[in-house]
Amino acid sequence: MTSYVVALEKDVRPNSIVRSMMGDTPLVIWRGSSGAIHVWLDCCPHRSVRLSAGRNMGDYLEGVYHGWRFDETGLVTLVPALQGRPSEDIRATVYSTALADGFVWASDDACTPAESAGEPCYPVHIAAPIDQVRQQVDTAVDHLTPWGTQETMVYPTGNPEQRRAELSAIRLRLEES
Amino acid sequence: MIQLHDYPLSGNCFKVRFLMDQLDLDYQSTLVDFYPGYEHKSPRFLKINPLGQLPVIEDNGQTIRDAQAILVYLATAYDTSGTWFPRDRQGEIYQWLAFADELTGSISAARLHDAMFYSLDVAKARARGTKLLRIVDEHLWFTEKDGHDWLVPLPHPTIADVACLPYIALAEEGGIDLAPYPSVARWMERFMRLEKFKPMPGMMPLEMPKETP
Ligand code: FES
């Protein structure tokens with residue numbers, strides 16, 4: 001199945017939280033104290049608010065409203081209101097993840113990163129559907145992730161200054177048309 | 001003592017409070033009922049600021065309006081460290097102060113529309129806001145790449161960061177998604193971890209773990 005680039009690896013730092021998208025699916029991305037990067041559905045199984053509004057405490061992610069704790073596997077390990085763990089297993093929705101070429105990849109199924117070349121550089125956000133963007137860029141060096149149905153995130157590789165200039169021109173063309 | 005005509009939900013007032021806290025200045029806040037009272041348009045307040053805008057400070061017999069002007073005034077008068085408005089970087093800093101004005105005219109306008117029911121062309125305000133966010137995000141990505149953390153590449157923040165932060169941090173209250181701007185998110189996080197930072201409502205309610213990423 002399709003794997004998506006969802007972030008630059010270097011953007012995902014300890015103690016912080018990154019938001020991204022995979023198609024129409026909002027994602028919360030965080031690096032745990034084990035060093036591993038986790039990509040989850042950005043939706044708290046408690047009341048469906050954004051998990052990304054919470055905090056990355058290293059060993060666990062903490063829900064913003066009621067302080068539920070999720071360990072690095074996505075399991076709820078503490079519900080303050082219950083003064084302990086819930087009796088049944090409650091989990092965040094966890095996606096299969098891989099790191100390749102400086103990108104964080106994610107997928108609904110097994111994650112299989114595509115080949116890329118060179119150093120990843122500044123991601124460019126284009127307010128145009130992914131199909132239109134795909135016709136304009138070379139998908140061997142640029143990885144695309146749809147942001148909803150109308151927008152696209154392009155993760156290019158190569159020389160940052162040069163690629164940025166090229167993609168800005170493409171963005172202008174697509175957004176103005 | 002410095003008098004600040006203040007409104008807790010105003011990003012422009014936040015800038016002034018933030019810098020005065022950083023400089024350990026004593027000040028007294030007079031709260032102006034901006035919404036729903038529209039007290040800033042009252043005859044009493046218009047005497048203080050004919051533009052009917054917040055914040056205004058009164059200090060040593062002077063009355064100064066405009067958030068950016070107040071930042072310059074306070075840093076020049078009271079910043080003994082010279083780091084908030086360094087002499088040799090003033091050109092760059094003024095450029096970001098002007099940029100902050102544009103943020104007020106776009107992102108903050110969209111927020112006034114959504115949160116306080118102002119009537120204005122919100123689609124236009126958001127489109128402009130998005131353009132500005134792309135510019136800051138890109139700028140910050142490239143400064144980070146060179147190992148710097150702040151808008152003006154120095155080892156410490158300046159009033160450029162103070163002027164630009166609040167309306168960017170409040171963008172989502174105006175219906176502008178911040179998710180596509182990862183460098184902006186990291187910069188805001190660094191800012192919010194500064195000593196004596198007190199968030200304003202809507203900005204980010206949480207105390208972050210203290211170790212810097
Ligand atoms: S909604 Fe997530 S902890 Fe309650």
# chains A, B, ... in the order shown; residues from 1 in each chain; ligands from 1
>>> residues_near_ligand(ligand="ligand 1", cutoff="9 Å", atoms="only C-alpha atoms and all ligand atoms", output="list in words")
Cys43, Cys44, Pro45, His46, Arg47, Ser48, Val49, Arg50, Leu51, Gly54, Glu62, Gly63, Val64, Tyr65, His66, Gly67, Trp68, Arg69 and Val79 of chain A
>>> interface_residues(of="chain A", to="chain B", cutoff="10 Å", atoms="only C-alpha atoms", output="number ranges by chain")
A: 7-8, 11-21, 26, 53-58, 64, 121-126, 147, 152-153, 160-161, 164
>>> write_last_selection(atoms="N, CA and C atoms", output="short mmCIF file (atom, residue, chain, number, x, y, z; two decimals), in the first residue's frame")
data_model
loop_
_atom_site.label_atom_id
_atom_site.label_comp_id
_atom_site.auth_asym_id
_atom_site.auth_seq_id
_atom_site.Cartn_x
_atom_site.Cartn_y
_atom_site.Cartn_z
N ALA A 7 6.90 13.85 7.57
CA ALA A 7 7.70 14.91 8.21
C ALA A 7 9.16 14.71 7.83
N LEU A 8 9.96 15.75 8.06
CA LEU A 8 11.41 15.59 8.00
C LEU A 8 11.83 15.02 9.35
N ASP A 11 12.86 17.43 12.00
CA ASP A 11 11.82 18.26 12.58
C ASP A 11 11.19 17.64 13.83
N VAL A 12 11.40 16.36 14.01
CA VAL A 12 10.75 15.68 15.13
C VAL A 12 11.74 15.60 16.28
N ARG A 13 11.62 16.52 17.22
CA ARG A 13 12.62 16.63 18.28
C ARG A 13 12.07 16.13 19.61
N PRO A 14 12.98 15.82 20.54
CA PRO A 14 12.52 15.38 21.86
C PRO A 14 11.67 16.47 22.51
N ASN A 15 10.75 16.08 23.36
CA ASN A 15 9.90 17.02 24.13
C ASN A 15 8.99 17.87 23.29
N SER A 16 8.86 17.57 22.01
CA SER A 16 7.93 18.40 21.26
C SER A 16 7.03 17.53 20.39
N ILE A 17 6.07 18.18 19.81
CA ILE A 17 5.04 17.46 19.07
C ILE A 17 4.92 18.07 17.69
N VAL A 18 4.78 17.24 16.68
CA VAL A 18 4.65 17.72 15.31
C VAL A 18 3.29 17.26 14.79
N ARG A 19 2.63 18.14 14.05
CA ARG A 19 1.36 17.74 13.43
C ARG A 19 1.58 17.54 11.95
N SER A 20 0.88 16.57 11.39
CA SER A 20 0.99 16.36 9.96
C SER A 20 -0.29 15.72 9.45
N MET A 21 -0.27 15.33 8.19
CA MET A 21 -1.44 14.69 7.59
C MET A 21 -1.00 13.50 6.77
N PRO A 26 -5.52 13.42 10.08
CA PRO A 26 -4.59 14.25 10.85
C PRO A 26 -3.70 13.37 11.73
N ALA A 53 -2.52 18.62 20.95
CA ALA A 53 -2.63 19.76 21.87
C ALA A 53 -2.02 19.41 23.22
N GLY A 54 -1.63 18.15 23.40
CA GLY A 54 -1.09 17.71 24.69
C GLY A 54 0.41 17.93 24.79
N ARG A 55 1.04 17.14 25.64
CA ARG A 55 2.47 17.34 25.87
C ARG A 55 3.24 16.05 25.66
N ASN A 56 4.44 16.20 25.14
CA ASN A 56 5.35 15.07 25.01
C ASN A 56 6.25 15.05 26.23
N MET A 57 6.01 14.10 27.14
CA MET A 57 6.77 14.05 28.37
C MET A 57 7.95 13.08 28.28
N GLY A 58 8.26 12.64 27.07
CA GLY A 58 9.40 11.73 26.89
C GLY A 58 8.95 10.28 26.96
N VAL A 64 -4.35 16.69 26.71
CA VAL A 64 -4.37 18.05 27.25
C VAL A 64 -5.49 18.27 28.25
N CYS A 121 15.05 18.70 1.99
CA CYS A 121 15.09 20.14 2.28
C CYS A 121 13.71 20.72 2.57
N TYR A 122 13.69 22.02 2.68
CA TYR A 122 12.52 22.75 3.14
C TYR A 122 11.20 22.28 2.51
N PRO A 123 10.25 21.81 3.33
CA PRO A 123 8.98 21.35 2.77
C PRO A 123 8.12 22.52 2.29
N VAL A 124 7.45 22.33 1.20
CA VAL A 124 6.65 23.41 0.61
C VAL A 124 5.18 23.02 0.59
N HIS A 125 4.37 23.93 1.06
CA HIS A 125 2.94 23.69 1.15
C HIS A 125 2.27 24.34 -0.06
N ILE A 126 1.52 23.55 -0.82
CA ILE A 126 0.88 24.09 -2.02
C ILE A 126 -0.64 23.92 -1.91
N TRP A 147 -2.75 17.02 1.75
CA TRP A 147 -3.30 17.62 2.98
C TRP A 147 -4.76 17.87 2.72
N THR A 152 -1.53 20.19 -0.72
CA THR A 152 -0.47 19.18 -0.82
C THR A 152 0.77 19.68 -0.12
N MET A 153 1.47 18.76 0.52
CA MET A 153 2.75 19.10 1.10
C MET A 153 3.81 18.42 0.24
N PRO A 160 18.79 22.97 -1.13
CA PRO A 160 17.63 23.67 -0.56
C PRO A 160 17.27 24.97 -1.29
N GLU A 161 18.25 25.86 -1.51
CA GLU A 161 17.94 27.15 -2.12
C GLU A 161 17.34 26.98 -3.51
N ARG A 164 13.87 25.21 -3.46
CA ARG A 164 12.86 26.13 -2.95
C ARG A 164 12.40 27.08 -4.05
#
>>> atom_distance(atom1="CA of Leu144 in chain A", atom2="CA of Met22 in chain A")
10.0 Å
>>> select_by_dssp(residues="range 106-191 of chain B", states="alpha helix (DSSP H)", output="number ranges by chain")
B: 109-116, 122-145, 159-169, 182-191
>>> residues_around(residues="range 88-105 of chain B", least_positions_apart="4", cutoff="6 Å", atoms="only C-alpha atoms", output="ChimeraX atom specification")
/B:109,160,163-164
>>> closest_residue(among="B:Gln53, B:Asn60, B:Asn12, B:Thr143", to="His40 in chain B", atoms="only C-alpha atoms")
B:Gln53
>>> atom_distance(atom1="CA of Met1 in chain B", atom2="CA of Gln28 in chain B")
7.1 Å
>>> atom_distance(atom1="CA of Asp59 in chain A", atom2="CA of Glu72 in chain A")
6.7 Å
>>> residues_around(residues="Val32 in chain B", least_positions_apart="2", cutoff="6 Å", atoms="only C-alpha atoms", output="PyMOL selection string")
chain B and resi 6-7+34
>>> write_last_selection(atoms="all heavy atoms", output="PDB file, in the first residue's frame")
ATOM      1  N   ASP B   6      -4.513  48.152  29.077  1.00  0.00           N
ATOM      2  CA  ASP B   6      -4.265  46.748  28.790  1.00  0.00           C
ATOM      3  C   ASP B   6      -5.575  46.002  28.529  1.00  0.00           C
ATOM      4  O   ASP B   6      -6.630  46.404  29.021  1.00  0.00           O
ATOM      5  CB  ASP B   6      -3.596  46.166  30.058  1.00  0.00           C
ATOM      6  CG  ASP B   6      -2.947  44.815  29.826  1.00  0.00           C
ATOM      7  OD1 ASP B   6      -2.913  44.365  28.667  1.00  0.00           O
ATOM      8  OD2 ASP B   6      -2.475  44.226  30.813  1.00  0.00           O
ATOM      9  N   TYR B   7      -5.467  44.946  27.749  1.00  0.00           N
ATOM     10  CA  TYR B   7      -6.607  44.038  27.566  1.00  0.00           C
ATOM     11  C   TYR B   7      -6.039  42.628  27.464  1.00  0.00           C
ATOM     12  O   TYR B   7      -5.194  42.366  26.596  1.00  0.00           O
ATOM     13  CB  TYR B   7      -7.376  44.420  26.284  1.00  0.00           C
ATOM     14  CG  TYR B   7      -8.551  43.533  25.977  1.00  0.00           C
ATOM     15  CD1 TYR B   7      -9.621  43.427  26.865  1.00  0.00           C
ATOM     16  CD2 TYR B   7      -8.598  42.793  24.797  1.00  0.00           C
ATOM     17  CE1 TYR B   7     -10.704  42.618  26.585  1.00  0.00           C
ATOM     18  CE2 TYR B   7      -9.688  41.986  24.508  1.00  0.00           C
ATOM     19  CZ  TYR B   7     -10.742  41.896  25.403  1.00  0.00           C
ATOM     20  OH  TYR B   7     -11.796  41.094  25.121  1.00  0.00           O
ATOM     21  N   PHE B  34     -12.396  45.907  25.999  1.00  0.00           N
ATOM     22  CA  PHE B  34     -12.335  45.969  24.543  1.00  0.00           C
ATOM     23  C   PHE B  34     -13.564  45.308  23.931  1.00  0.00           C
ATOM     24  O   PHE B  34     -14.261  45.876  23.106  1.00  0.00           O
ATOM     25  CB  PHE B  34     -11.052  45.253  24.115  1.00  0.00           C
ATOM     26  CG  PHE B  34     -10.766  45.245  22.650  1.00  0.00           C
ATOM     27  CD1 PHE B  34     -10.082  46.296  22.061  1.00  0.00           C
ATOM     28  CD2 PHE B  34     -11.146  44.167  21.856  1.00  0.00           C
ATOM     29  CE1 PHE B  34      -9.788  46.274  20.708  1.00  0.00           C
ATOM     30  CE2 PHE B  34     -10.862  44.152  20.498  1.00  0.00           C
ATOM     31  CZ  PHE B  34     -10.175  45.209  19.932  1.00  0.00           C
TER      32      PHE B  34
END
>>> residues_around(residues="Tyr73 in chain B", least_positions_apart="3", cutoff="12 Å", atoms="only C-alpha atoms", output="list of chain:residue names")
B:Val16, B:Leu19, B:Met20, B:Val56, B:Ile57, B:Glu58, B:Asp59, B:Gln62, B:Thr63, B:Ile64, B:Arg65, B:Asp66, B:Ala67, B:Gln68, B:Ala69, B:Ile70, B:Thr76, B:Ala77, B:Tyr78, B:Asp79, B:Trp84, B:Phe85, B:Ile159
>>> select_by_dssp(residues="chain B", states="strand (DSSP E)", output="PyMOL selection string")
chain B and resi 2-6+27-31+56-59+62-65
